[in-house]
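Colleague: Contents are compact mmCIF, C-alpha atoms; file name final-v7.txt:
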```
# COMPACT_ATOMS: atom_id res chain seq x y z
CA MET A 1 -294.08 83.83 -66.35
CA LYS A 2 -294.30 80.47 -64.68
CA LEU A 3 -294.40 79.93 -60.96
CA SER A 4 -293.51 76.66 -59.35
CA LYS A 5 -296.04 75.29 -56.87
CA ARG A 6 -293.78 76.03 -53.93
CA ASN A 7 -293.23 79.63 -54.98
CA THR A 8 -296.93 80.15 -55.59
CA VAL A 9 -297.69 78.95 -52.07
CA ILE A 10 -295.00 81.24 -50.62
CA LEU A 11 -296.19 84.29 -52.53
CA VAL A 12 -299.86 83.73 -51.73
CA ALA A 13 -299.11 83.16 -48.04
CA TYR A 14 -296.99 86.31 -48.03
CA ALA A 15 -299.75 88.36 -49.68
CA ILE A 16 -302.31 87.09 -47.16
CA PHE A 17 -299.93 87.84 -44.29
CA LEU A 18 -299.51 91.43 -45.50
CA ALA A 19 -303.23 91.92 -46.08
CA VAL A 20 -304.10 90.63 -42.60
CA SER A 21 -301.29 92.72 -41.06
CA PHE A 22 -302.71 95.88 -42.52
CA LEU A 23 -306.25 94.92 -41.50
CA ILE A 24 -305.46 94.25 -37.85
CA GLU A 25 -302.62 96.81 -37.78
CA PHE A 26 -299.94 94.27 -36.94
CA LYS A 27 -296.85 96.54 -36.84
CA PRO A 28 -294.10 94.12 -37.98
CA GLY A 29 -296.25 92.95 -40.90
CA GLN A 30 -296.98 96.53 -41.91
CA GLN A 31 -293.28 97.37 -41.78
CA ILE A 32 -292.45 94.37 -43.96
CA GLY A 33 -295.12 95.48 -46.43
CA LEU A 34 -293.63 98.97 -46.58
CA ASN A 35 -290.16 97.50 -47.08
CA PHE A 36 -291.47 95.41 -49.94
CA SER A 37 -293.18 98.30 -51.67
CA SER A 38 -290.21 100.65 -51.37
CA PHE A 39 -287.84 97.99 -52.68
CA ALA A 40 -290.26 97.13 -55.49
CA LEU A 41 -290.48 100.83 -56.43
CA THR A 42 -286.69 101.08 -56.63
CA MET A 43 -286.57 97.97 -58.82
CA LEU A 44 -289.32 99.36 -61.02
CA ARG A 45 -287.13 102.36 -61.76
CA ILE A 46 -284.03 100.33 -62.59
CA VAL A 47 -285.17 97.09 -64.17
CA PRO A 48 -287.31 98.10 -67.19
CA PRO A 49 -284.71 100.39 -68.83
CA ALA A 50 -281.98 97.86 -68.07
CA PHE A 51 -283.87 95.13 -69.89
CA ILE A 52 -284.59 97.42 -72.83
CA LEU A 53 -280.84 98.07 -73.12
CA ILE A 54 -280.21 94.34 -72.96
CA GLY A 55 -282.71 93.80 -75.78
CA LEU A 56 -280.96 96.43 -77.90
CA PHE A 57 -277.60 94.86 -77.12
CA GLU A 58 -278.84 91.44 -78.23
CA VAL A 59 -280.15 92.78 -81.52
CA TRP A 60 -277.38 95.19 -82.49
CA VAL A 61 -274.10 93.91 -81.09
CA LYS A 62 -272.49 91.22 -83.21
CA ARG A 63 -271.35 87.97 -81.69
CA GLU A 64 -267.91 88.43 -83.29
CA THR A 65 -267.42 91.75 -81.48
CA VAL A 66 -268.08 90.24 -78.06
CA GLU A 67 -265.99 87.17 -78.87
CA LYS A 68 -263.08 89.30 -79.96
CA HIS A 69 -263.05 91.56 -76.91
CA LEU A 70 -264.34 89.28 -74.18
CA GLY A 71 -263.97 85.79 -75.66
CA GLU A 72 -261.50 82.91 -75.32
CA ASP A 73 -258.52 84.75 -76.81
CA SER A 74 -259.15 88.15 -75.31
CA GLY A 75 -256.56 87.62 -72.56
CA ILE A 76 -255.98 90.38 -70.02
CA ARG A 77 -257.90 92.82 -72.21
CA GLY A 78 -261.01 90.77 -71.62
CA TYR A 79 -260.72 91.13 -67.86
CA LEU A 80 -260.01 94.85 -68.08
CA GLY A 81 -262.99 95.20 -70.42
CA ALA A 82 -265.19 93.34 -67.94
CA ILE A 83 -264.09 95.60 -65.07
CA LEU A 84 -264.64 98.70 -67.19
CA LEU A 85 -268.08 97.49 -68.22
CA SER A 86 -268.97 96.65 -64.62
CA SER A 87 -267.94 100.07 -63.35
CA THR A 88 -270.63 101.59 -65.55
CA THR A 89 -273.30 99.03 -64.70
CA VAL A 90 -276.22 100.83 -63.12
CA GLY A 91 -278.51 98.97 -60.76
CA GLY A 92 -276.06 96.48 -59.33
CA ILE A 93 -276.48 92.75 -59.23
CA TYR A 94 -280.08 92.84 -60.44
CA VAL A 95 -278.90 94.24 -63.73
CA ALA A 96 -275.52 92.49 -63.82
CA PHE A 97 -277.02 89.00 -64.06
CA PRO A 98 -279.22 89.56 -67.10
CA VAL A 99 -276.34 91.43 -68.75
CA SER A 100 -273.96 88.57 -68.03
CA TYR A 101 -276.38 86.13 -69.61
CA SER A 102 -276.39 88.23 -72.79
CA LEU A 103 -272.59 88.33 -72.79
CA TYR A 104 -272.50 84.55 -72.37
CA LYS A 105 -274.86 84.06 -75.29
CA LYS A 106 -272.69 86.27 -77.45
CA GLY A 107 -269.56 84.26 -76.76
CA ALA A 108 -267.80 85.93 -73.82
CA ARG A 109 -265.65 83.50 -71.86
CA LEU A 110 -266.79 82.34 -68.42
CA SER A 111 -263.91 83.82 -66.44
CA VAL A 112 -264.58 87.21 -68.02
CA ILE A 113 -268.26 86.92 -67.14
CA PHE A 114 -267.49 86.02 -63.53
CA THR A 115 -265.05 88.92 -63.34
CA TYR A 116 -267.79 91.16 -64.62
CA LEU A 117 -270.33 89.83 -62.11
CA SER A 118 -268.05 90.18 -59.11
CA SER A 119 -266.55 93.51 -60.01
CA ALA A 120 -270.04 94.87 -60.72
CA ALA A 121 -270.40 94.60 -56.95
CA ILE A 122 -267.18 96.47 -56.27
CA THR A 123 -266.32 99.07 -58.85
CA ARG A 124 -269.50 100.91 -59.78
CA ILE A 125 -268.35 104.49 -60.23
CA PRO A 126 -271.10 106.35 -58.33
CA MET A 127 -270.77 103.95 -55.40
CA ALA A 128 -266.99 104.28 -55.34
CA ILE A 129 -267.20 108.08 -55.25
CA PHE A 130 -269.75 107.83 -52.48
CA GLU A 131 -267.58 105.43 -50.51
CA ALA A 132 -264.41 107.50 -50.94
CA SER A 133 -266.12 110.65 -49.74
CA LEU A 134 -267.51 108.98 -46.62
CA LEU A 135 -264.75 106.57 -45.64
CA GLY A 136 -261.71 108.20 -47.24
CA ILE A 137 -259.98 107.69 -50.57
CA LYS A 138 -257.34 105.45 -48.96
CA PHE A 139 -260.03 102.97 -47.94
CA THR A 140 -261.45 102.78 -51.45
CA ILE A 141 -258.05 102.42 -53.09
CA ILE A 142 -257.03 99.57 -50.78
CA ARG A 143 -260.32 97.84 -51.43
CA PHE A 144 -259.94 98.11 -55.20
CA LEU A 145 -256.28 97.12 -55.35
CA VAL A 146 -256.74 94.10 -53.11
CA SER A 147 -260.07 92.83 -54.39
CA LEU A 148 -259.80 93.24 -58.18
CA PRO A 149 -256.78 90.95 -58.74
CA LEU A 150 -258.43 88.42 -56.42
CA VAL A 151 -261.66 88.70 -58.38
CA ILE A 152 -259.84 87.94 -61.65
CA LEU A 153 -257.92 85.07 -60.06
CA SER A 154 -261.02 83.54 -58.49
CA SER A 155 -262.92 83.90 -61.78
CA ILE A 156 -260.22 81.97 -63.62
CA LEU A 157 -260.32 79.22 -61.00
CA LEU A 158 -264.10 79.15 -61.11
CA GLU A 159 -264.04 78.83 -64.90
CA LYS A 160 -261.56 75.94 -64.74
CA TYR A 161 -263.62 74.11 -62.15
CA LEU A 162 -266.97 74.67 -63.85
CA LEU A 163 -265.79 73.79 -67.36
CA GLN A 164 -264.50 70.47 -66.06
CA ARG A 165 -268.01 69.81 -64.87
CA GLY A 166 -269.57 70.75 -68.20
CA PHE A 167 -271.10 73.97 -66.87
CA LYS A 168 -273.57 75.83 -69.03
CA MET A 169 -275.19 79.09 -68.13
CA ASN A 170 -278.96 78.85 -68.04
CA HIS A 171 -281.60 80.83 -69.65
CA PRO A 172 -283.81 81.45 -66.63
CA ASP A 173 -286.78 79.64 -68.17
CA LYS A 174 -284.76 76.46 -68.66
CA GLN A 175 -283.82 76.22 -65.01
CA LYS A 176 -286.29 73.44 -64.37
CA VAL A 177 -284.69 71.23 -66.98
CA SER A 178 -281.07 71.80 -66.13
CA THR A 179 -280.61 72.82 -62.51
CA VAL A 180 -283.11 70.80 -60.55
CA LYS A 181 -280.97 68.51 -58.41
CA MET B 1 -280.71 108.73 -57.25
CA ASN B 2 -279.10 110.45 -60.24
CA GLU B 3 -277.86 107.06 -61.31
CA MET B 4 -281.37 106.14 -62.36
CA TYR B 5 -281.97 109.25 -64.45
CA VAL B 6 -278.76 108.51 -66.31
CA LEU B 7 -280.01 104.99 -66.98
CA TRP B 8 -283.35 106.23 -68.34
CA ILE B 9 -281.68 108.90 -70.47
CA ILE B 10 -279.20 106.41 -71.97
CA THR B 11 -282.03 103.95 -72.61
CA GLY B 12 -284.12 106.67 -74.27
CA LEU B 13 -281.27 107.81 -76.50
CA ALA B 14 -280.28 104.25 -77.45
CA SER B 15 -283.88 103.40 -78.29
CA ALA B 16 -284.25 106.53 -80.41
CA VAL B 17 -281.07 105.77 -82.37
CA SER B 18 -282.17 102.16 -82.81
CA LEU B 19 -285.63 103.23 -83.97
CA ALA B 20 -284.12 105.61 -86.51
CA ALA B 21 -281.88 102.83 -87.82
CA SER B 22 -284.43 100.05 -87.98
CA ARG B 23 -288.00 99.82 -86.80
CA GLY B 24 -288.08 96.05 -87.10
CA LYS B 25 -284.94 95.46 -85.06
CA THR B 26 -286.12 97.83 -82.35
CA LEU B 27 -289.40 95.98 -82.01
CA GLN B 28 -287.50 92.72 -81.92
CA SER B 29 -285.28 94.03 -79.14
CA LEU B 30 -288.33 95.09 -77.13
CA ARG B 31 -289.78 91.62 -77.51
CA ILE B 32 -286.54 90.12 -76.22
CA ALA B 33 -286.54 92.57 -73.31
CA LEU B 34 -290.09 91.69 -72.31
CA LYS B 35 -289.51 87.96 -72.65
CA ARG B 36 -286.39 88.04 -70.51
CA LEU B 37 -288.07 90.20 -67.89
CA LEU B 38 -291.08 87.92 -67.54
CA LYS B 39 -288.92 84.82 -67.25
CA ILE B 40 -286.91 86.19 -64.36
CA MET B 41 -289.93 87.57 -62.48
CA PRO B 42 -290.63 84.56 -60.19
CA PRO B 43 -287.16 84.42 -58.59
CA PHE B 44 -287.14 88.19 -58.55
CA LEU B 45 -290.41 88.34 -56.59
CA LEU B 46 -289.12 85.72 -54.18
CA MET B 47 -285.99 87.78 -53.61
CA MET B 48 -287.97 90.98 -52.95
CA LEU B 49 -290.08 89.08 -50.45
CA ILE B 50 -287.00 87.84 -48.58
CA VAL B 51 -285.42 91.31 -48.65
CA SER B 52 -288.53 92.89 -47.13
CA VAL B 53 -288.36 90.46 -44.19
CA ILE B 54 -284.58 90.74 -43.73
CA LEU B 55 -284.73 94.54 -43.70
CA TYR B 56 -287.25 94.30 -40.89
CA LEU B 57 -285.20 91.81 -38.86
CA VAL B 58 -281.84 93.58 -39.22
CA SER B 59 -282.00 97.11 -37.85
CA ASP B 60 -279.34 99.80 -37.88
CA GLU B 61 -279.04 99.57 -34.08
CA MET B 62 -278.42 95.86 -34.31
CA ILE B 63 -275.70 96.39 -36.91
CA ALA B 64 -274.04 99.06 -34.78
CA HIS B 65 -274.19 96.79 -31.74
CA TYR B 66 -272.53 93.79 -33.39
CA LEU B 67 -269.98 95.70 -35.43
CA GLY B 68 -268.84 97.61 -32.37
CA ASN B 69 -267.93 94.37 -30.58
CA GLU B 70 -264.81 94.79 -28.44
CA ASN B 71 -263.16 91.68 -29.83
CA LYS B 72 -262.09 92.82 -33.30
CA TYR B 73 -262.10 89.32 -34.75
CA PHE B 74 -265.67 88.78 -33.62
CA ALA B 75 -266.56 92.19 -35.00
CA VAL B 76 -265.16 91.22 -38.43
CA LEU B 77 -266.99 87.90 -38.25
CA PHE B 78 -270.32 89.57 -37.40
CA ALA B 79 -269.71 92.20 -40.07
CA SER B 80 -269.24 89.50 -42.72
CA ILE B 81 -272.31 87.60 -41.60
CA ILE B 82 -274.56 90.67 -41.48
CA GLY B 83 -273.08 91.95 -44.74
CA SER B 84 -273.76 88.61 -46.42
CA ILE B 85 -277.36 88.21 -45.35
CA THR B 86 -278.39 91.84 -45.69
CA VAL B 87 -279.12 93.63 -48.88
CA MET B 88 -279.09 97.38 -48.92
CA PRO B 89 -278.43 99.86 -51.65
CA GLY B 90 -275.11 101.73 -51.58
CA PHE B 91 -276.80 105.03 -50.84
CA ILE B 92 -277.92 103.57 -47.52
CA ALA B 93 -274.92 101.34 -46.82
CA PHE B 94 -272.16 103.94 -47.11
CA PRO B 95 -273.79 106.64 -45.00
CA LEU B 96 -274.43 103.91 -42.42
CA ALA B 97 -270.74 102.95 -42.63
CA GLY B 98 -269.88 106.63 -42.14
CA VAL B 99 -272.01 106.76 -38.99
CA LEU B 100 -270.45 103.55 -37.70
CA LEU B 101 -266.98 104.96 -38.32
CA SER B 102 -267.79 108.03 -36.26
CA ARG B 103 -268.99 105.69 -33.50
CA GLY B 104 -265.55 104.12 -33.41
CA VAL B 105 -266.11 101.00 -35.51
CA MET B 106 -262.79 99.92 -37.03
CA TYR B 107 -261.92 100.29 -40.69
CA MET B 108 -261.28 96.57 -41.10
CA VAL B 109 -264.74 95.81 -39.75
CA LEU B 110 -266.30 98.32 -42.15
CA ALA B 111 -264.31 96.79 -45.02
CA ALA B 112 -265.68 93.33 -44.19
CA PHE B 113 -269.18 94.78 -43.89
CA THR B 114 -269.31 96.81 -47.12
CA THR B 115 -267.47 94.21 -49.20
CA THR B 116 -269.67 91.30 -48.17
CA LEU B 117 -272.69 93.54 -48.50
CA MET B 118 -271.85 94.01 -52.16
CA MET B 119 -270.15 90.75 -53.10
CA VAL B 120 -272.01 88.11 -51.13
CA GLY B 121 -275.74 87.83 -51.56
CA VAL B 122 -277.64 85.24 -49.59
CA VAL B 123 -280.99 86.76 -50.44
CA THR B 124 -280.19 87.20 -54.13
CA TYR B 125 -279.71 83.42 -54.24
CA PRO B 126 -283.01 82.72 -56.08
CA VAL B 127 -282.09 85.15 -58.85
CA GLU B 128 -278.48 84.05 -59.14
CA LYS B 129 -279.41 80.38 -59.13
CA ALA B 130 -281.80 80.93 -62.02
CA TYR B 131 -278.90 82.12 -64.15
CA ILE B 132 -275.86 80.09 -63.14
CA GLY B 133 -277.22 77.17 -61.14
CA THR B 134 -276.80 76.13 -57.54
CA SER B 135 -273.17 75.03 -57.33
CA ALA B 136 -271.74 77.96 -59.28
CA THR B 137 -273.79 80.34 -57.11
CA ILE B 138 -272.50 78.83 -53.90
CA MET B 139 -268.89 78.82 -55.13
CA ARG B 140 -269.07 82.37 -56.44
CA ASN B 141 -270.44 83.68 -53.16
CA GLY B 142 -268.00 81.60 -51.13
CA LEU B 143 -265.10 83.08 -53.06
CA GLY B 144 -266.64 86.53 -52.56
CA LEU B 145 -266.67 85.97 -48.80
CA LEU B 146 -263.04 84.86 -48.89
CA ILE B 147 -262.06 87.95 -50.89
CA ALA B 148 -263.94 90.17 -48.43
CA LEU B 149 -262.01 88.67 -45.51
CA ILE B 150 -258.68 89.18 -47.31
CA VAL B 151 -259.66 92.80 -48.05
CA SER B 152 -260.57 93.24 -44.40
CA VAL B 153 -257.17 91.92 -43.27
CA ALA B 154 -255.36 94.16 -45.78
CA VAL B 155 -257.31 97.20 -44.58
CA GLY B 156 -256.59 96.23 -40.97
CA ILE B 157 -252.84 96.04 -41.61
CA LEU B 158 -252.67 99.26 -43.62
CA TYR B 159 -254.69 101.20 -41.04
CA GLY B 160 -252.57 99.83 -38.20
CA GLU B 161 -255.49 97.91 -36.65
CA LEU B 162 -253.74 94.57 -37.11
CA PRO B 163 -252.03 92.61 -35.70
```
Translate this structure into structure tokens?

Modeller:
Amino acid sequence: MKLSKRNTVILVAYAIFLAVSFLIEFKPGQQIGLNFSSFALTMLRIVPPAFILIGLFEVWVKRETVEKHLGEDSGIRGYLGAILLSSTTVGGIYVAFPVSYSLYKKGARLSVIFTYLSSAAITRIPMAIFEASLLGIKFTIIRFLVSLPLVILSSILLEKYLLQRGFKMNHPDKQKVSTVK
Amino acid sequence: MNEMYVLWIITGLASAVSLAASRGKTLQSLRIALKRLLKIMPPFLLMMLIVSVILYLVSDEMIAHYLGNENKYFAVLFASIIGSITVMPGFIAFPLAGVLLSRGVMYMVLAAFTTTLMMVGVVTYPVEKAYIGTSATIMRNGLGLLIALIVSVAVGILYGELP
């Protein structure tokens, strides 16, 4: 784990701010501290198993399998596969990104990955059931039917645009080399 | 929070099967998992820090106030902005949307709010940037915002709130 100088400064300042807030009972600071700890606890319950599954995926699933189902020639099946996969993604965007990186490494095409990422925000089954029960099934159906085709379309456009610019997905640790300005 | 138990159970079962099949490969997969996790920690921490501040600044009352704006176009606009900058888990967001609905907030406004909430992430920017870089992140979220607005218009028409 490497921290850039800027991030180190931010994190240290934040830690000091929280510590002082609790010492002098500064209410907003205390509230922010509580928010942080409750969010961190939630993440702690989602993130470790998700990364273990990603590790297993990397070791056991063959590149050819991913290429065949989600790769260049997968066509519409690839997009449907991405939506299906996203609907079962637990933990939302925090899990979807590491998963998408694994898919990329194994040869999934970019538009399929972007479809996966965006629909992970829309179609997760528990969320959809929750939404339908609170806002009505009609609301959920409209949202799905309107957004999913647009998600696929925008992913295809995004792929076209990014490939023209020689886009490559980063391994997070290489970000300094390839994404700084 | 049943979602999480399912995740742990699946992970446990998958690990057990993997371990039975090959000890070496399982250890290798754990090493990969740990390596990946440590690499993403800095942007992750930064994101959690921003979320903790945002959650303090944006209260439920404030959301209700802006989303209940009498001008429906302004309400949709506010809903998209608040939805984009706020991060909240679905189990908080949908009950909140339910409460807002009962307070008379329009469906199209709720559609803009919940869709941007899930598709557009200003505070997840550090994490997203680490994976796909700055320009792809901005474009992906911009397209997400556009999709949310289209969904909002479609909901508005189909619920008779528009034109």

Colleague: Can you pull out the residues contacting region 104-106 of chain B? Cut-off 10 Å, using all atoms listed in the file, and skip same-chain residues under 6 positions away; I want them as a ChimeraX atom specification.

Modeller: /B:64-70,72,75-76,97-98,155-156,159,161

Colleague: Do you know which residues are at most 10 Å from region 19-36 of chain B counting all atoms listed in the file, after dropping those on the same chain fewer than 3 positions away, and could you put them as a compact mmCIF listing (two decimals) with C-alpha atoms, in the coordinates of the input?

Modeller:
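What ended up in around.txt:
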```txt
# COMPACT_ATOMS: atom_id res chain seq x y z
CA MET A 1 -294.08 83.83 -66.35
CA PRO A 48 -287.31 98.10 -67.19
CA PRO A 49 -284.71 100.39 -68.83
CA ALA A 50 -281.98 97.86 -68.07
CA PHE A 51 -283.87 95.13 -69.89
CA ILE A 52 -284.59 97.42 -72.83
CA LEU A 53 -280.84 98.07 -73.12
CA ILE A 54 -280.21 94.34 -72.96
CA GLY A 55 -282.71 93.80 -75.78
CA LEU A 56 -280.96 96.43 -77.90
CA PHE A 57 -277.60 94.86 -77.12
CA GLU A 58 -278.84 91.44 -78.23
CA VAL A 59 -280.15 92.78 -81.52
CA TRP A 60 -277.38 95.19 -82.49
CA PRO A 98 -279.22 89.56 -67.10
CA HIS A 171 -281.60 80.83 -69.65
CA PRO A 172 -283.81 81.45 -66.63
CA ASP A 173 -286.78 79.64 -68.17
CA LEU B 13 -281.27 107.81 -76.50
CA ALA B 14 -280.28 104.25 -77.45
CA SER B 15 -283.88 103.40 -78.29
CA ALA B 16 -284.25 106.53 -80.41
CA LYS B 39 -288.92 84.82 -67.25
CA ILE B 40 -286.91 86.19 -64.36
CA MET B 41 -289.93 87.57 -62.48
```

Colleague: Using all atoms listed in the file, pick whichever of A:Arg165, A:His69, A:Lys138, A:Arg143 has the shortest atom-to-atom distance to chain B.

Modeller: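 Using all atoms listed in the file, the shortest distance to chain B belongs to A:Arg143.
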
Colleague: Tell me which of A:Ser111, A:Ser100, A:Thr8, A:Asn35 sits closest to chain B, counting all atoms listed in the file.

Modeller: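 Nearest to chain B: A:Asn35.
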
Colleague: Go through A:Ile152, A:Ala19, A:Leu70, A:Leu134 one by one, measure the shortest atom-to-atom distance of each to Pro95 (chain B) using all atoms listed in the file, and give the residue with the smallest value.

Modeller: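 Of the candidates, the smallest distance to Pro95 (chain B) is held by A:Leu134.
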
Colleague: Which residues, protein or nucleic acid, reach to within 12 Å of (-263.9, 85.2, -78.0) in the file's coordinates when using only C-alpha atoms, and can you give that as a list in words?

Modeller: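 Nearby residues: Lys62, Arg63, Glu64, Thr65, Val66, Glu67, Lys68, His69, Leu70, Gly71, Glu72, Asp73, Ser74, Gly75, Arg77, Gly78, Leu103, Tyr104, Lys105, Lys106, Gly107, Ala108, Arg109, Leu110, Ser111, Val112 and Ile113 of chain A.
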
Colleague: With N, CA and C atoms as the goal, would you fill in the gaps in region 139-151 of chain A and present it as a short mmCIF file (atom, residue, chain, number, x, y, z; two decimals), keeping the file's coordinate frame?

Modeller:
```cif
data_model
loop_
_atom_site.label_atom_id
_atom_site.label_comp_id
_atom_site.auth_asym_id
_atom_site.auth_seq_id
_atom_site.Cartn_x
_atom_site.Cartn_y
_atom_site.Cartn_z
N PHE A 139 -259.21 104.16 -48.15
CA PHE A 139 -260.03 102.97 -47.94
C PHE A 139 -260.46 102.38 -49.28
N THR A 140 -260.97 103.24 -50.15
CA THR A 140 -261.45 102.78 -51.45
C THR A 140 -260.32 102.22 -52.30
N ILE A 141 -259.18 102.89 -52.28
CA ILE A 141 -258.05 102.42 -53.09
C ILE A 141 -257.56 101.05 -52.62
N ILE A 142 -257.45 100.89 -51.31
CA ILE A 142 -257.03 99.57 -50.78
C ILE A 142 -258.02 98.50 -51.24
N ARG A 143 -259.30 98.82 -51.10
CA ARG A 143 -260.32 97.84 -51.43
C ARG A 143 -260.24 97.42 -52.90
N PHE A 144 -260.05 98.41 -53.77
CA PHE A 144 -259.94 98.11 -55.20
C PHE A 144 -258.70 97.29 -55.50
N LEU A 145 -257.55 97.77 -55.01
CA LEU A 145 -256.28 97.12 -55.35
C LEU A 145 -256.19 95.70 -54.81
N VAL A 146 -256.79 95.45 -53.66
CA VAL A 146 -256.74 94.10 -53.11
C VAL A 146 -257.78 93.21 -53.77
N SER A 147 -259.00 93.73 -53.96
CA SER A 147 -260.07 92.83 -54.39
C SER A 147 -260.05 92.53 -55.89
N LEU A 148 -259.70 93.50 -56.74
CA LEU A 148 -259.80 93.24 -58.18
C LEU A 148 -258.88 92.11 -58.68
N PRO A 149 -257.60 92.09 -58.30
CA PRO A 149 -256.78 90.95 -58.74
C PRO A 149 -257.33 89.62 -58.22
N LEU A 150 -257.85 89.64 -56.97
CA LEU A 150 -258.43 88.42 -56.42
C LEU A 150 -259.68 88.00 -57.17
N VAL A 151 -260.46 89.00 -57.61
CA VAL A 151 -261.66 88.70 -58.38
C VAL A 151 -261.29 88.01 -59.69
#
```
